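Asks: Below you will find the structure I want to go over with you.
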Amino acid sequence: MEVPCIAVPRVDGEESRQALAEAGVLDDDYQIVGEEGTLYIPVTDPGGVPEGFETTTRDLPPRRTVETPADILGDEPSLERLGDVVIVDEDDPDRAADIANAVMASDLPARSVLNRASKIKGELRVRDWELLAEREDADTDRSPTETVHREYGHEFLLDLAAVYFSPRLATERHRVVSQIQPGEHVLDMFAGVGPFAIPAASRGAAVVAVDLNETAVDYCRENARRNGVSDLLTAVAGDVREVATDYHGWADRLVMNLPHSADEFLETAVDLAGEECVLHYYDIQHDSDPFGPGIEAIRAAAEPAYDVAVETEHVVRSYAPHEENVCLDVRLTKSEANR
Ligand SMILES: C[S@@+](CC[C@H](N)C(=O)[O-])C[C@H]1O[C@@H](n2cnc3c(N)ncnc32)[C@H](O)[C@@H]1O
């Protein structure tokens, strides 16, 4: 559409745009267009353009505004995005349907909308999902629960209906992985699709990623391939208590992200630990003493064979009212008598 604008040399573009904005005549409804060294900047009122600018008209495309689900609903829904899957947590089926419709009608790049249909459950820590909406013209044969999530420069293919995954732990994973040095032996005892293990391998560690869930292990291998670290990562399907017999005394670092029952695996952790080993032990405890029970359990399992030094007591997030998800970074050093 032919709209009033100014024509300025490209090098003066930002300064001119600011001058128009200050004069209150910059027209945000149309795009700025560049042609052969000249920028055409749309204005709402040619009469209000500051002196010294050449005014003209030009065929400029309208600026596309991004429509969000909140624009459509009139209020802000609670949503989480995992790749091209949008997750809602809504008990009211009418509200859930309204949110799903708004997501699909908005400009969010969503392929499907899922509602949480159960708590995370069982040994494999997977939850049920209700499919609220799915884009029919999607250019993929992936199931509506499978997606590619990107986190700190890595990509993870995963199926929410078959594996555990939480994007909320991204900062925590980064905190742990940042401590890893090239050449370390890292064993992730509950690795899932590899969100600790793969970045660890990217830092040059030799990594063993164990999980009971065979589907998660398949994804972990695929994710190692996608992120170019297959040479450094061995993914093993099985109960870590059994897998541990092949890695006795091997680990410089252990990741134990099974917060409700990690204490049951401390004997195995001590068996896996080398002469010196850092343990990242995840726990969920009452906020009156979030770290005490974990420290006590680690000492009970590791002493006197190891000296136990608690290096960090870290609150990851609030899990429920008065319950904290915490991580203990603990250094185990073989005691003199046991070397
Ligand atoms: C809370 S998830 C963590 C997954 C991953 N570390 C992450 O951050 O996404 C715990 C994982 O432990 C696995 N798991 C449970 N019991 C196990 C066992 N005995 N041996 C190995 N893995 C186990 C589950 O299958 C699940 O994938």
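Chain identifiers are assigned as A, B, and so on, following the order in which chains appear in the structure tokens; residues are numbered from 1 within each chain, and ligands are numbered from 1 in order of appearance.
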Write as a ChimeraX atom specification the residues around ligand 1, taking 8 Å as the cut-off and counting only C-alpha atoms and all ligand atoms.
Replies: /A:123-126,163-166,169,173,188-196,210-213,216,237-241,255-259,265
Asks: Counting only C-alpha atoms, which residue out of A:Ser106, A:Thr215, A:Thr44, A:Ser335 sits closest to A:Leu73?
Replies: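 Nearest candidate to A:Leu73 out of A:Ser106, A:Thr215, A:Thr44, A:Ser335: A:Ser106.
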Asks: I'd like the interatomic distance between atom CA of A:Ile99 and atom CA of A:Leu82, to a tenth of an Å.
Replies: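 Spanning atom CA of A:Ile99 to atom CA of A:Leu82 is a straight-line distance of 16.3 Å.
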Asks: Contacts of stretch 308-324 of chain A at 6 Å or less, counting only C-alpha atoms, minus same-chain residues fewer than 2 places along, as number ranges by chain?
Replies: A: 284-287, 326-332
Asks: Go ahead and write the selection's residues with all heavy atoms as a PDB file, in the first residue's frame.
Replies:
```
ATOM      1  N   ILE A 284      14.295 -34.338  47.547  1.00  0.00           N
ATOM      2  CA  ILE A 284      13.128 -33.500  47.843  1.00  0.00           C
ATOM      3  C   ILE A 284      12.842 -33.664  49.328  1.00  0.00           C
ATOM      4  O   ILE A 284      12.635 -34.792  49.803  1.00  0.00           O
ATOM      5  CB  ILE A 284      11.919 -33.891  46.965  1.00  0.00           C
ATOM      6  CG1 ILE A 284      12.214 -33.481  45.519  1.00  0.00           C
ATOM      7  CG2 ILE A 284      10.636 -33.217  47.477  1.00  0.00           C
ATOM      8  CD1 ILE A 284      11.201 -33.913  44.499  1.00  0.00           C
ATOM      9  N   GLN A 285      12.891 -32.536  50.057  1.00  0.00           N
ATOM     10  CA  GLN A 285      12.756 -32.592  51.510  1.00  0.00           C
ATOM     11  C   GLN A 285      11.937 -31.417  52.019  1.00  0.00           C
ATOM     12  O   GLN A 285      11.792 -30.408  51.312  1.00  0.00           O
ATOM     13  CB  GLN A 285      14.155 -32.536  52.160  1.00  0.00           C
ATOM     14  CG  GLN A 285      15.020 -33.764  51.918  1.00  0.00           C
ATOM     15  CD  GLN A 285      14.514 -35.032  52.607  1.00  0.00           C
ATOM     16  OE1 GLN A 285      13.687 -34.972  53.529  1.00  0.00           O
ATOM     17  NE2 GLN A 285      14.978 -36.189  52.151  1.00  0.00           N
ATOM     18  N   HIS A 286      11.470 -31.542  53.249  1.00  0.00           N
ATOM     19  CA  HIS A 286      10.738 -30.447  53.901  1.00  0.00           C
ATOM     20  C   HIS A 286      11.666 -29.239  54.052  1.00  0.00           C
ATOM     21  O   HIS A 286      12.867 -29.401  54.295  1.00  0.00           O
ATOM     22  CB  HIS A 286      10.252 -30.911  55.280  1.00  0.00           C
ATOM     23  CG  HIS A 286       9.217 -30.013  55.858  1.00  0.00           C
ATOM     24  ND1 HIS A 286       9.533 -28.908  56.619  1.00  0.00           N
ATOM     25  CD2 HIS A 286       7.866 -30.034  55.755  1.00  0.00           C
ATOM     26  CE1 HIS A 286       8.425 -28.297  56.968  1.00  0.00           C
ATOM     27  NE2 HIS A 286       7.394 -28.947  56.458  1.00  0.00           N
ATOM     28  N   ASP A 287      11.082 -28.040  53.883  1.00  0.00           N
ATOM     29  CA  ASP A 287      11.945 -26.840  53.902  1.00  0.00           C
ATOM     30  C   ASP A 287      12.519 -26.521  55.283  1.00  0.00           C
ATOM     31  O   ASP A 287      13.367 -25.648  55.420  1.00  0.00           O
ATOM     32  CB  ASP A 287      11.229 -25.622  53.295  1.00  0.00           C
ATOM     33  CG  ASP A 287       9.960 -25.245  54.052  1.00  0.00           C
ATOM     34  OD1 ASP A 287       9.703 -25.834  55.120  1.00  0.00           O
ATOM     35  OD2 ASP A 287       9.225 -24.359  53.558  1.00  0.00           O
ATOM     36  N   VAL A 326      16.262 -30.066  46.091  1.00  0.00           N
ATOM     37  CA  VAL A 326      17.612 -29.543  46.359  1.00  0.00           C
ATOM     38  C   VAL A 326      18.670 -30.428  45.707  1.00  0.00           C
ATOM     39  O   VAL A 326      18.390 -31.572  45.323  1.00  0.00           O
ATOM     40  CB  VAL A 326      17.898 -29.458  47.887  1.00  0.00           C
ATOM     41  CG1 VAL A 326      16.952 -28.494  48.546  1.00  0.00           C
ATOM     42  CG2 VAL A 326      17.827 -30.836  48.545  1.00  0.00           C
ATOM     43  N   CYS A 327      19.869 -29.851  45.597  1.00  0.00           N
ATOM     44  CA  CYS A 327      21.008 -30.648  45.120  1.00  0.00           C
ATOM     45  C   CYS A 327      22.169 -30.451  46.083  1.00  0.00           C
ATOM     46  O   CYS A 327      22.472 -29.325  46.471  1.00  0.00           O
ATOM     47  CB  CYS A 327      21.424 -30.196  43.715  1.00  0.00           C
ATOM     48  SG  CYS A 327      22.802 -31.176  43.059  1.00  0.00           S
ATOM     49  N   LEU A 328      22.797 -31.559  46.447  1.00  0.00           N
ATOM     50  CA  LEU A 328      24.025 -31.508  47.238  1.00  0.00           C
ATOM     51  C   LEU A 328      25.186 -31.869  46.309  1.00  0.00           C
ATOM     52  O   LEU A 328      25.150 -32.918  45.659  1.00  0.00           O
ATOM     53  CB  LEU A 328      23.969 -32.534  48.372  1.00  0.00           C
ATOM     54  CG  LEU A 328      23.026 -32.231  49.523  1.00  0.00           C
ATOM     55  CD1 LEU A 328      22.752 -33.497  50.336  1.00  0.00           C
ATOM     56  CD2 LEU A 328      23.617 -31.134  50.406  1.00  0.00           C
ATOM     57  N   ASP A 329      26.185 -30.999  46.225  1.00  0.00           N
ATOM     58  CA  ASP A 329      27.425 -31.352  45.526  1.00  0.00           C
ATOM     59  C   ASP A 329      28.387 -31.821  46.614  1.00  0.00           C
ATOM     60  O   ASP A 329      28.750 -31.030  47.501  1.00  0.00           O
ATOM     61  CB  ASP A 329      28.025 -30.146  44.809  1.00  0.00           C
ATOM     62  CG  ASP A 329      27.089 -29.565  43.746  1.00  0.00           C
ATOM     63  OD1 ASP A 329      26.158 -30.268  43.320  1.00  0.00           O
ATOM     64  OD2 ASP A 329      27.312 -28.407  43.343  1.00  0.00           O
ATOM     65  N   VAL A 330      28.766 -33.075  46.546  1.00  0.00           N
ATOM     66  CA  VAL A 330      29.548 -33.657  47.638  1.00  0.00           C
ATOM     67  C   VAL A 330      30.804 -34.316  47.065  1.00  0.00           C
ATOM     68  O   VAL A 330      30.722 -35.084  46.097  1.00  0.00           O
ATOM     69  CB  VAL A 330      28.711 -34.731  48.380  1.00  0.00           C
ATOM     70  CG1 VAL A 330      29.528 -35.411  49.466  1.00  0.00           C
ATOM     71  CG2 VAL A 330      27.460 -34.108  48.979  1.00  0.00           C
ATOM     72  N   ARG A 331      31.968 -34.005  47.667  1.00  0.00           N
ATOM     73  CA  ARG A 331      33.215 -34.637  47.203  1.00  0.00           C
ATOM     74  C   ARG A 331      33.544 -35.833  48.102  1.00  0.00           C
ATOM     75  O   ARG A 331      33.630 -35.690  49.334  1.00  0.00           O
ATOM     76  CB  ARG A 331      34.368 -33.631  47.225  1.00  0.00           C
ATOM     77  CG  ARG A 331      35.661 -34.157  46.586  1.00  0.00           C
ATOM     78  CD  ARG A 331      36.702 -33.064  46.465  1.00  0.00           C
ATOM     79  NE  ARG A 331      36.270 -32.006  45.554  1.00  0.00           N
ATOM     80  CZ  ARG A 331      36.425 -32.013  44.236  1.00  0.00           C
ATOM     81  NH1 ARG A 331      37.035 -33.039  43.657  1.00  0.00           N
ATOM     82  NH2 ARG A 331      36.002 -31.011  43.503  1.00  0.00           N
ATOM     83  N   LEU A 332      33.716 -36.987  47.468  1.00  0.00           N
ATOM     84  CA  LEU A 332      34.129 -38.182  48.197  1.00  0.00           C
ATOM     85  C   LEU A 332      35.614 -38.408  47.900  1.00  0.00           C
ATOM     86  O   LEU A 332      36.004 -38.460  46.735  1.00  0.00           O
ATOM     87  CB  LEU A 332      33.358 -39.416  47.722  1.00  0.00           C
ATOM     88  CG  LEU A 332      31.821 -39.364  47.736  1.00  0.00           C
ATOM     89  CD1 LEU A 332      31.242 -40.701  47.264  1.00  0.00           C
ATOM     90  CD2 LEU A 332      31.298 -39.022  49.124  1.00  0.00           C
TER      91      LEU A 332
END
```
Asks: Give me, as a PyMOL selection string, all polymer residues having an atom no more than 9 Å from A:Ala70, counting only C-alpha atoms and skipping those fewer than 2 positions away in the same chain.
Replies: chain A and resi 67-68+72-77+99+102-103+106
Asks: Per DSSP on the backbone, filter stretch 106-197 of chain A down to the residues in alpha helix (DSSP H) and report them as a list in words.
Replies: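 Selecting the alpha helix (DSSP H) positions of stretch 106-197 of chain A gives Ala170, Thr171, Glu172, Arg173, His174, Arg175, Val176, Val177 and Ala197 of chain A.
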Asks: Among stretch 56-85 of chain A, which ones does DSSP assign to strand (DSSP E or B) (computed from the backbone)? Answer as a PyMOL selection string.
Replies: chain A and resi 56-59+62+79-82+85
Asks: Residues within 9 Å of A:Asp29, please, as a list in words. Count only C-alpha atoms; anything in the same chain fewer than 5 positions from it doesn't count.
Replies: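 Skipping anything fewer than 5 positions along the chain leaves Pro42, Pro61, Pro62, Arg63, Arg64 and Thr65 of chain A.
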Asks: Create the file for the chosen residues now, containing all heavy atoms and written as a PDB file, in the first residue's frame.
Replies:
```
ATOM      1  N   PRO A  42       8.246   4.689   7.235  1.00  0.00           N
ATOM      2  CA  PRO A  42       6.857   5.188   7.188  1.00  0.00           C
ATOM      3  C   PRO A  42       6.565   6.201   8.293  1.00  0.00           C
ATOM      4  O   PRO A  42       7.073   6.066   9.410  1.00  0.00           O
ATOM      5  CB  PRO A  42       6.030   3.908   7.388  1.00  0.00           C
ATOM      6  CG  PRO A  42       6.944   2.970   8.092  1.00  0.00           C
ATOM      7  CD  PRO A  42       8.336   3.287   7.659  1.00  0.00           C
ATOM      8  N   PRO A  61       4.968  -2.727   2.885  1.00  0.00           N
ATOM      9  CA  PRO A  61       4.122  -3.807   3.433  1.00  0.00           C
ATOM     10  C   PRO A  61       3.711  -3.516   4.874  1.00  0.00           C
ATOM     11  O   PRO A  61       4.491  -2.927   5.624  1.00  0.00           O
ATOM     12  CB  PRO A  61       5.032  -5.035   3.377  1.00  0.00           C
ATOM     13  CG  PRO A  61       6.410  -4.504   3.293  1.00  0.00           C
ATOM     14  CD  PRO A  61       6.364  -3.120   2.717  1.00  0.00           C
ATOM     15  N   PRO A  62       2.494  -3.914   5.233  1.00  0.00           N
ATOM     16  CA  PRO A  62       2.099  -3.734   6.641  1.00  0.00           C
ATOM     17  C   PRO A  62       3.005  -4.546   7.547  1.00  0.00           C
ATOM     18  O   PRO A  62       3.465  -5.627   7.162  1.00  0.00           O
ATOM     19  CB  PRO A  62       0.672  -4.262   6.705  1.00  0.00           C
ATOM     20  CG  PRO A  62       0.334  -4.744   5.346  1.00  0.00           C
ATOM     21  CD  PRO A  62       1.502  -4.597   4.442  1.00  0.00           C
ATOM     22  N   ARG A  63       3.261  -4.029   8.748  1.00  0.00           N
ATOM     23  CA  ARG A  63       4.061  -4.779   9.717  1.00  0.00           C
ATOM     24  C   ARG A  63       3.167  -5.860  10.319  1.00  0.00           C
ATOM     25  O   ARG A  63       2.032  -5.591  10.707  1.00  0.00           O
ATOM     26  CB  ARG A  63       4.516  -3.839  10.834  1.00  0.00           C
ATOM     27  CG  ARG A  63       5.455  -4.513  11.818  1.00  0.00           C
ATOM     28  CD  ARG A  63       5.561  -3.652  13.043  1.00  0.00           C
ATOM     29  NE  ARG A  63       6.402  -2.491  12.811  1.00  0.00           N
ATOM     30  CZ  ARG A  63       7.723  -2.490  13.013  1.00  0.00           C
ATOM     31  NH1 ARG A  63       8.316  -3.562  13.446  1.00  0.00           N
ATOM     32  NH2 ARG A  63       8.427  -1.417  12.790  1.00  0.00           N
ATOM     33  N   ARG A  64       3.721  -7.070  10.352  1.00  0.00           N
ATOM     34  CA  ARG A  64       2.931  -8.171  10.876  1.00  0.00           C
ATOM     35  C   ARG A  64       3.047  -8.166  12.398  1.00  0.00           C
ATOM     36  O   ARG A  64       4.143  -8.177  12.943  1.00  0.00           O
ATOM     37  CB  ARG A  64       3.498  -9.487  10.320  1.00  0.00           C
ATOM     38  CG  ARG A  64       2.502 -10.588  10.244  1.00  0.00           C
ATOM     39  CD  ARG A  64       3.093 -11.729   9.441  1.00  0.00           C
ATOM     40  NE  ARG A  64       3.122 -12.967  10.199  1.00  0.00           N
ATOM     41  CZ  ARG A  64       2.064 -13.550  10.720  1.00  0.00           C
ATOM     42  NH1 ARG A  64       0.882 -13.018  10.596  1.00  0.00           N
ATOM     43  NH2 ARG A  64       2.180 -14.686  11.387  1.00  0.00           N
ATOM     44  N   THR A  65       1.933  -8.125  13.081  1.00  0.00           N
ATOM     45  CA  THR A  65       2.010  -8.194  14.538  1.00  0.00           C
ATOM     46  C   THR A  65       1.794  -9.648  14.965  1.00  0.00           C
ATOM     47  O   THR A  65       1.045 -10.386  14.326  1.00  0.00           O
ATOM     48  CB  THR A  65       0.938  -7.306  15.208  1.00  0.00           C
ATOM     49  OG1 THR A  65      -0.318  -7.659  14.657  1.00  0.00           O
ATOM     50  CG2 THR A  65       1.219  -5.841  14.985  1.00  0.00           C
TER      51      THR A  65
END
```
Asks: Please measure the separation of atom CA of A:Val186 and atom CA of A:Ala302, giving the value in Å to one decimal.
Replies: 18.4 Å
Asks: Report as a ChimeraX atom specification all protein, DNA and RNA residues lying within 12 Å of A:Ser178, evaluated on only C-alpha atoms, omitting residues in the same chain fewer than 2 positions from it.
Replies: /A:152,171-176,180-182,196,199-205
Asks: Measuring atom to atom with only C-alpha atoms, identify which of A:Asn227, A:Thr268, A:Ser78, A:Thr245 is nearest to A:Glu151.
Replies: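 Smallest separation from A:Glu151 among the options: A:Asn227.
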Asks: Choose the residue, out of A:Ala209, A:Leu254, A:Tyr306, A:Asp91, that has the smallest atom-to-atom separation from A:Tyr281; count only C-alpha atoms.
Replies: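 Once distances to A:Tyr281 are computed over only C-alpha atoms, the minimum belongs to A:Leu254.
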